[in-house]
$ cat start-v6.txt   # compact mmCIF, C-alpha atoms and all ligand atoms
# COMPACT_ATOMS: atom_id res chain seq x y z
CA MET A 11 0.00 0.00 0.00
CA ALA A 12 1.48 3.35 -1.00
CA ARG A 13 1.76 6.01 1.64
CA GLY A 14 2.10 9.47 0.21
CA SER A 15 3.45 11.18 3.28
CA SER A 16 6.70 12.73 4.42
CA GLU A 17 6.16 11.75 8.06
CA SER A 18 8.32 9.07 9.69
CA THR A 19 8.26 5.99 7.50
CA MET A 20 6.18 3.03 8.57
CA ALA A 21 7.14 -0.59 8.40
CA GLN A 22 5.56 -4.00 8.75
CA VAL A 23 6.89 -6.70 11.06
CA THR A 24 5.90 -10.26 11.90
CA LEU A 25 6.42 -11.36 15.50
CA GLY A 26 6.24 -14.85 16.92
CA ARG A 27 3.54 -15.28 19.57
CA LEU A 28 6.11 -15.96 22.27
CA GLU A 29 8.32 -12.94 21.57
CA ALA A 30 5.24 -10.73 21.29
CA GLU A 31 3.64 -11.92 24.52
CA GLU A 32 6.87 -12.05 26.52
CA GLY A 33 8.04 -8.62 25.35
CA ALA A 34 11.23 -9.98 23.75
CA LEU A 35 11.30 -6.89 21.54
CA PRO A 36 13.94 -4.16 21.09
CA PRO A 37 13.51 -1.13 23.42
CA VAL A 38 12.45 1.15 20.59
CA CYS A 39 9.03 2.83 20.57
CA LEU A 40 6.71 0.84 18.31
CA CYS A 41 4.98 4.03 17.23
CA CYS A 42 7.73 6.61 16.61
CA GLY A 43 11.08 4.79 16.87
CA LYS A 44 12.43 6.81 19.82
CA PRO A 45 14.05 4.99 22.76
CA ALA A 46 11.39 3.17 24.78
CA ALA A 47 10.75 4.10 28.41
CA LEU A 48 8.56 1.13 29.29
CA TYR A 49 6.89 -2.02 28.06
CA ARG A 50 3.13 -2.12 28.24
CA VAL A 51 0.63 -4.65 26.95
CA HIS A 52 -1.36 -3.62 23.90
CA ARG A 53 -4.15 -5.90 22.75
CA PHE A 54 -4.43 -6.29 19.02
CA GLY A 55 -7.43 -7.71 17.24
CA TRP A 56 -7.73 -8.82 13.68
CA GLN A 57 -10.30 -10.40 11.42
CA PRO A 58 -10.23 -11.10 7.69
CA VAL A 59 -11.03 -8.20 5.37
CA TYR A 60 -14.03 -9.99 3.87
CA SER A 61 -15.73 -10.02 7.27
CA TYR A 62 -15.86 -6.19 7.17
CA LEU A 63 -17.54 -6.32 3.77
CA ALA A 64 -20.33 -8.26 5.47
CA LEU A 65 -21.29 -4.96 7.13
CA LEU A 66 -22.73 -3.99 3.75
CA LEU A 67 -25.15 -6.92 4.04
CA THR A 68 -26.40 -5.59 7.42
CA ILE A 69 -24.91 -5.78 10.86
CA TRP A 70 -25.89 -9.39 11.66
CA PRO A 71 -23.68 -11.25 9.15
CA PHE A 72 -20.86 -8.96 10.26
CA LEU A 73 -21.32 -9.81 13.95
CA PHE A 74 -21.61 -13.50 13.10
CA LEU A 75 -18.39 -13.48 11.04
CA THR A 76 -16.65 -11.43 13.72
CA LEU A 77 -17.51 -14.07 16.31
CA LEU A 78 -16.24 -16.79 14.00
CA THR A 79 -13.06 -15.23 12.70
CA ARG A 80 -11.79 -12.58 15.11
CA ARG A 81 -8.42 -13.33 16.68
CA ARG A 82 -6.70 -11.42 19.43
CA MET A 83 -3.17 -11.27 20.72
CA ARG A 84 -1.61 -9.32 23.56
CA VAL A 85 1.75 -7.80 22.74
CA LEU A 86 4.09 -6.61 25.48
CA ALA A 87 5.29 -3.66 23.44
CA PRO A 88 7.93 -0.96 23.94
CA TRP A 89 6.70 2.66 24.16
CA CYS A 90 8.42 6.03 24.54
CA PRO A 91 7.11 8.47 27.22
CA ALA A 92 4.92 10.25 24.65
CA HIS A 93 3.26 7.03 23.48
CA ARG A 94 3.02 5.17 26.76
CA ARG A 95 -0.77 5.36 26.64
CA TYR A 96 -0.89 4.50 22.95
CA GLY A 97 -4.32 3.42 21.74
CA GLY A 98 -6.03 4.30 25.02
CA VAL A 99 -7.93 7.32 23.71
CA ARG A 100 -9.14 5.45 20.64
CA ARG A 101 -10.30 2.57 22.81
CA MET A 102 -12.25 5.01 25.00
CA VAL A 103 -13.73 7.10 22.19
CA LEU A 104 -14.53 4.53 19.51
CA PRO A 105 -17.19 2.43 21.33
CA PRO A 106 -19.30 5.47 22.34
CA VAL A 107 -19.02 6.90 18.81
CA LEU A 108 -20.20 3.58 17.33
CA ALA A 109 -22.98 3.33 19.93
CA ILE A 110 -24.21 6.90 19.23
CA LEU A 111 -24.06 6.32 15.49
CA THR A 112 -26.09 3.11 15.84
CA ALA A 113 -28.63 4.87 18.09
CA VAL A 114 -29.00 7.74 15.59
CA LEU A 115 -29.58 5.23 12.77
CA VAL A 116 -32.20 3.31 14.75
CA LEU A 117 -33.96 6.52 15.78
CA THR A 118 -33.91 7.87 12.22
CA THR A 119 -35.45 4.64 10.96
CA ALA A 120 -38.07 4.74 13.71
CA TRP A 121 -38.79 8.40 12.94
CA ALA A 122 -39.19 7.62 9.24
CA ALA A 123 -41.65 4.84 10.12
CA ALA A 124 -43.59 7.18 12.44
CA ALA A 125 -43.65 9.96 9.83
CA THR A 126 -45.18 7.70 7.19
CA GLY A 127 -47.54 6.20 9.75
CA ARG A 128 -46.65 2.58 8.93
CA PRO A 129 -43.67 0.27 9.40
CA LEU A 130 -40.92 0.47 6.80
CA GLY A 131 -41.13 -1.98 3.93
CA GLY A 132 -38.50 -4.64 3.36
CA MET A 133 -36.66 -2.63 0.75
CA GLN A 134 -36.55 0.48 2.93
CA GLN A 135 -35.21 -1.54 5.85
CA LEU A 136 -32.49 -2.97 3.65
CA VAL A 137 -31.48 0.46 2.41
CA ALA A 138 -31.37 1.73 6.01
CA SER A 139 -29.26 -1.26 6.93
CA TRP A 140 -26.85 -0.76 4.06
CA THR A 141 -26.47 2.91 4.88
CA GLY A 142 -25.84 2.05 8.50
CA GLY A 143 -23.34 -0.66 7.65
CA PHE A 144 -21.49 1.64 5.28
CA LEU A 145 -21.27 4.40 7.90
CA LEU A 146 -20.03 2.02 10.62
CA LEU A 147 -17.48 0.53 8.21
CA SER A 148 -16.22 4.03 7.35
CA VAL A 149 -15.81 4.98 11.01
CA LEU A 150 -13.94 1.73 11.73
CA LEU A 151 -11.60 2.22 8.77
CA ILE A 152 -10.92 5.89 9.53
CA ALA A 153 -10.14 5.02 13.16
CA ARG A 154 -7.49 2.56 11.95
CA LEU A 155 -5.71 4.95 9.57
CA ARG A 156 -2.07 5.58 10.40
CA THR A 157 -2.11 3.47 13.55
CA VAL A 158 -0.04 0.51 14.63
CA ARG A 159 -2.42 -2.31 13.79
CA ALA A 160 -2.52 -6.02 13.13
CA VAL A 161 -2.91 -7.10 9.50
CA GLU A 162 -2.86 -10.78 10.38
CA ILE A 163 -2.98 -12.89 13.53
CA THR A 164 -2.43 -16.62 13.39
CA THR A 165 -2.02 -19.08 16.25
CA GLU A 166 1.75 -18.70 16.00
CA SER A 167 2.37 -15.12 14.91
CA ILE A 168 1.14 -11.59 14.57
CA THR A 169 1.89 -9.22 11.69
CA LEU A 170 1.81 -5.54 12.58
CA THR A 171 1.82 -2.66 10.16
CA GLY A 172 2.30 1.05 10.78
CA VAL A 173 5.21 0.40 13.15
CA ALA A 174 8.21 2.75 13.23
CA GLU A 175 10.95 2.01 10.72
CA ALA A 176 13.54 2.25 13.52
CA PHE A 177 11.76 -0.49 15.48
CA ALA A 178 11.64 -2.79 12.45
CA ALA A 179 15.34 -2.17 11.73
CA GLN A 180 16.36 -2.89 15.33
CA LEU A 181 14.22 -6.03 15.39
CA GLN A 182 15.88 -7.24 12.20
CA LEU A 183 19.29 -6.54 13.71
CA GLU A 184 18.58 -8.50 16.89
CA LYS A 185 16.97 -11.41 15.11
CA GLY A 186 20.20 -12.50 13.44
CA PRO A 187 22.08 -13.94 16.41
CA ARG A 188 19.58 -14.83 19.13
CA ALA A 189 19.16 -11.67 21.20
CA GLN A 190 19.82 -11.76 24.93
CA PRO A 191 16.71 -11.13 27.07
CA LEU A 192 15.90 -7.47 27.54
CA PRO A 193 15.22 -5.93 30.93
CA VAL A 194 11.44 -5.84 31.02
CA ARG A 195 9.63 -3.45 33.28
CA ALA A 196 6.04 -2.52 34.01
CA ALA A 197 4.08 -5.36 32.49
CA SER A 198 0.41 -4.74 33.04
ZN ZN A 201 6.89 6.98 20.64
$ encode --input "start-v6.txt" --output "structure tokens" --more "lines below"
Ligand SMILES: [Zn+2]
Amino acid sequence: MARGSSESTMAQVTLGRLEAEEGALPPVCLCCGKPAALYRVHRFGWQPVYSYLALLLTIWPFLFLTLLTRRRMRVLAPWCPAHRRYGGVRRMVLPPVLAILTAVLVLTTAWAAAATGRPLGGMQQLVASWTGGFLLLSVLLIARLRTVRAVEITTESITLTGVAEAFAAQLQLEKGPRAQPLPVRAAS
């Protein structure tokens, strides 16, 4: 994927489950590449791209596929002082935004039904559903732009994209000869 930006370059790395969960990662901030001040757990989630497209079919197939396919992995990741709460704000803001958006959609549909004095027909419900699904999908995608995020999680590994180039370079460097364990602090 091309990134037309002059900001710090982003890289993609694949970590083994063990090194990710145990924090056997170089002390370089995952987000900006500056020296890390601490290691803190970040939970990554991932599900196949096609499952998001199910949102266009209405919310139910999407929720069903999410239940079936979503994988999670906790990564004990290095962060600089500026990014030590990385992802926290998004995690706090995103659920309310999605909840409000859903409520607005439901109320709008109910209002439309009340205004016409009869329940919406099948076609109208589908259109409302598509619109809703499209809006939710857009919000989810926008929230993920330019973040450190998982592009694949398997039982053995996690692939992260949007990580700092300096982190990826250091990881590459340490992976040659088996790196000695790093001093790990503040695991919560
Ligand atoms: Zn940082």
$ residues_around --input "start-v6.txt" --residues "Ala153 in chain A" --least-positions-apart "6" --cutoff "10 Å" --atoms "only C-alpha atoms" --output "number ranges by chain"
A: 100-101, 103-104, 147
$ residues_around --input "start-v6.txt" --residues "Pro88 in chain A" --least-positions-apart "3" --cutoff "7 Å" --atoms "all atoms listed in the file" --output "list in words"
Pro37, Val38, Cys39, Leu40, Ala46, Leu48, Tyr49 and Arg50 of chain A
$ closest_residue --input "start-v6.txt" --among "A:Leu181, A:Ile69, A:Ile163, A:Leu77" --to "Ala34 in chain A" --atoms "all atoms listed in the file"
A:Leu181
$ residues_near_ligand --input "start-v6.txt" --ligand "ligand ZN 201 (chain A)" --cutoff "7 Å" --atoms "all atoms listed in the file" --output "PyMOL selection string"
chain A and resi 39-44+89-93
$ closest_residue --input "start-v6.txt" --among "A:Arg80, A:Arg156, A:His52, A:Arg27" --to "Gly97 in chain A" --atoms "only C-alpha atoms"
A:His52
$ residues_near_point --input "start-v6.txt" --point "(-27.3, -7.7, 3.3)" --cutoff "12 Å" --atoms "all atoms listed in the file" --output "JSON, numbers by chain"
{"A": [63, 64, 65, 66, 67, 68, 69, 70, 71, 72, 132, 133, 135, 136, 137, 138, 139, 140, 141, 142, 143, 144]}
$ atom_distance --input "start-v6.txt" --atom1 "CA of Val107 in chain A" --atom2 "CA of Tyr60 in chain A"
23.1 Å
$ residues_near_point --input "start-v6.txt" --point "(-8.3, -7.3, 10.4)" --cutoff "8 Å" --atoms "only C-alpha atoms" --output "PyMOL selection string"
chain A and resi 55-59+80+160-162
$ write_last_selection --input "start-v6.txt" --atoms "C-alpha atoms" --output "PDB file, in the frame of the given file"
ATOM      1  CA  GLY A  55      -7.430  -7.710  17.240  1.00  0.00           C
ATOM      2  CA  TRP A  56      -7.730  -8.820  13.680  1.00  0.00           C
ATOM      3  CA  GLN A  57     -10.300 -10.400  11.420  1.00  0.00           C
ATOM      4  CA  PRO A  58     -10.230 -11.100   7.690  1.00  0.00           C
ATOM      5  CA  VAL A  59     -11.030  -8.200   5.370  1.00  0.00           C
ATOM      6  CA  ARG A  80     -11.790 -12.580  15.110  1.00  0.00           C
ATOM      7  CA  ALA A 160      -2.520  -6.020  13.130  1.00  0.00           C
ATOM      8  CA  VAL A 161      -2.910  -7.100   9.500  1.00  0.00           C
ATOM      9  CA  GLU A 162      -2.860 -10.780  10.380  1.00  0.00           C
TER      10      GLU A 162
END
$ atom_distance --input "start-v6.txt" --atom1 "CA of Trp121 in chain A" --atom2 "CA of Leu150 in chain A"
25.8 Å
$ closest_residue --input "start-v6.txt" --among "A:Ile168, A:Ala113, A:Leu183, A:Ala176" --to "Arg81 in chain A" --atoms "all atoms listed in the file"
A:Ile168
$ atom_distance --input "start-v6.txt" --atom1 "CA of Thr24 in chain A" --atom2 "CA of Val149 in chain A"
26.5 Å
$ closest_residue --input "start-v6.txt" --among "A:Tyr96, A:Thr169, A:Leu108, A:Ser61" --to "Thr79 in chain A" --atoms "all atoms listed in the file"
A:Ser61
$ axis_aligned_box --input "start-v6.txt" --around "range 174-179 of chain A" --padding-each-side "4 Å" --output "JSON"
{"center_x": 11.8, "center_y": 0.0, "center_z": 13.1, "size_x": 15.1, "size_y": 13.5, "size_z": 12.8}
$ decode --input "start-v6.txt" --residues "range 96-194 of chain A" --atoms "C-alpha atoms" --output "short mmCIF file (atom, residue, chain, number, x, y, z; two decimals), in the first residue's frame"
data_model
loop_
_atom_site.label_atom_id
_atom_site.label_comp_id
_atom_site.auth_asym_id
_atom_site.auth_seq_id
_atom_site.Cartn_x
_atom_site.Cartn_y
_atom_site.Cartn_z
CA TYR A 96 -0.89 4.50 22.95
CA GLY A 97 -4.32 3.42 21.74
CA GLY A 98 -6.03 4.30 25.02
CA VAL A 99 -7.93 7.32 23.71
CA ARG A 100 -9.14 5.45 20.64
CA ARG A 101 -10.30 2.57 22.81
CA MET A 102 -12.25 5.01 25.00
CA VAL A 103 -13.73 7.10 22.19
CA LEU A 104 -14.53 4.53 19.51
CA PRO A 105 -17.19 2.43 21.33
CA PRO A 106 -19.30 5.47 22.34
CA VAL A 107 -19.02 6.90 18.81
CA LEU A 108 -20.20 3.58 17.33
CA ALA A 109 -22.98 3.33 19.93
CA ILE A 110 -24.21 6.90 19.23
CA LEU A 111 -24.06 6.32 15.49
CA THR A 112 -26.09 3.11 15.84
CA ALA A 113 -28.63 4.87 18.09
CA VAL A 114 -29.00 7.74 15.59
CA LEU A 115 -29.58 5.23 12.77
CA VAL A 116 -32.20 3.31 14.75
CA LEU A 117 -33.96 6.52 15.78
CA THR A 118 -33.91 7.87 12.22
CA THR A 119 -35.45 4.64 10.96
CA ALA A 120 -38.07 4.74 13.71
CA TRP A 121 -38.79 8.40 12.94
CA ALA A 122 -39.19 7.62 9.24
CA ALA A 123 -41.65 4.84 10.12
CA ALA A 124 -43.59 7.18 12.44
CA ALA A 125 -43.65 9.96 9.83
CA THR A 126 -45.18 7.70 7.19
CA GLY A 127 -47.54 6.20 9.75
CA ARG A 128 -46.65 2.58 8.93
CA PRO A 129 -43.67 0.27 9.40
CA LEU A 130 -40.92 0.47 6.80
CA GLY A 131 -41.13 -1.98 3.93
CA GLY A 132 -38.50 -4.64 3.36
CA MET A 133 -36.66 -2.63 0.75
CA GLN A 134 -36.55 0.48 2.93
CA GLN A 135 -35.21 -1.54 5.85
CA LEU A 136 -32.49 -2.97 3.65
CA VAL A 137 -31.48 0.46 2.41
CA ALA A 138 -31.37 1.73 6.01
CA SER A 139 -29.26 -1.26 6.93
CA TRP A 140 -26.85 -0.76 4.06
CA THR A 141 -26.47 2.91 4.88
CA GLY A 142 -25.84 2.05 8.50
CA GLY A 143 -23.34 -0.66 7.65
CA PHE A 144 -21.49 1.64 5.28
CA LEU A 145 -21.27 4.40 7.90
CA LEU A 146 -20.03 2.02 10.62
CA LEU A 147 -17.48 0.53 8.21
CA SER A 148 -16.22 4.03 7.35
CA VAL A 149 -15.81 4.98 11.01
CA LEU A 150 -13.94 1.73 11.73
CA LEU A 151 -11.60 2.22 8.77
CA ILE A 152 -10.92 5.89 9.53
CA ALA A 153 -10.14 5.02 13.16
CA ARG A 154 -7.49 2.56 11.95
CA LEU A 155 -5.71 4.95 9.57
CA ARG A 156 -2.07 5.58 10.40
CA THR A 157 -2.11 3.47 13.55
CA VAL A 158 -0.04 0.51 14.63
CA ARG A 159 -2.42 -2.31 13.79
CA ALA A 160 -2.52 -6.02 13.13
CA VAL A 161 -2.91 -7.10 9.50
CA GLU A 162 -2.86 -10.78 10.38
CA ILE A 163 -2.98 -12.89 13.53
CA THR A 164 -2.43 -16.62 13.39
CA THR A 165 -2.02 -19.08 16.25
CA GLU A 166 1.75 -18.70 16.00
CA SER A 167 2.37 -15.12 14.91
CA ILE A 168 1.14 -11.59 14.57
CA THR A 169 1.89 -9.22 11.69
CA LEU A 170 1.81 -5.54 12.58
CA THR A 171 1.82 -2.66 10.16
CA GLY A 172 2.30 1.05 10.78
CA VAL A 173 5.21 0.40 13.15
CA ALA A 174 8.21 2.75 13.23
CA GLU A 175 10.95 2.01 10.72
CA ALA A 176 13.54 2.25 13.52
CA PHE A 177 11.76 -0.49 15.48
CA ALA A 178 11.64 -2.79 12.45
CA ALA A 179 15.34 -2.17 11.73
CA GLN A 180 16.36 -2.89 15.33
CA LEU A 181 14.22 -6.03 15.39
CA GLN A 182 15.88 -7.24 12.20
CA LEU A 183 19.29 -6.54 13.71
CA GLU A 184 18.58 -8.50 16.89
CA LYS A 185 16.97 -11.41 15.11
CA GLY A 186 20.20 -12.50 13.44
CA PRO A 187 22.08 -13.94 16.41
CA ARG A 188 19.58 -14.83 19.13
CA ALA A 189 19.16 -11.67 21.20
CA GLN A 190 19.82 -11.76 24.93
CA PRO A 191 16.71 -11.13 27.07
CA LEU A 192 15.90 -7.47 27.54
CA PRO A 193 15.22 -5.93 30.93
CA VAL A 194 11.44 -5.84 31.02
#
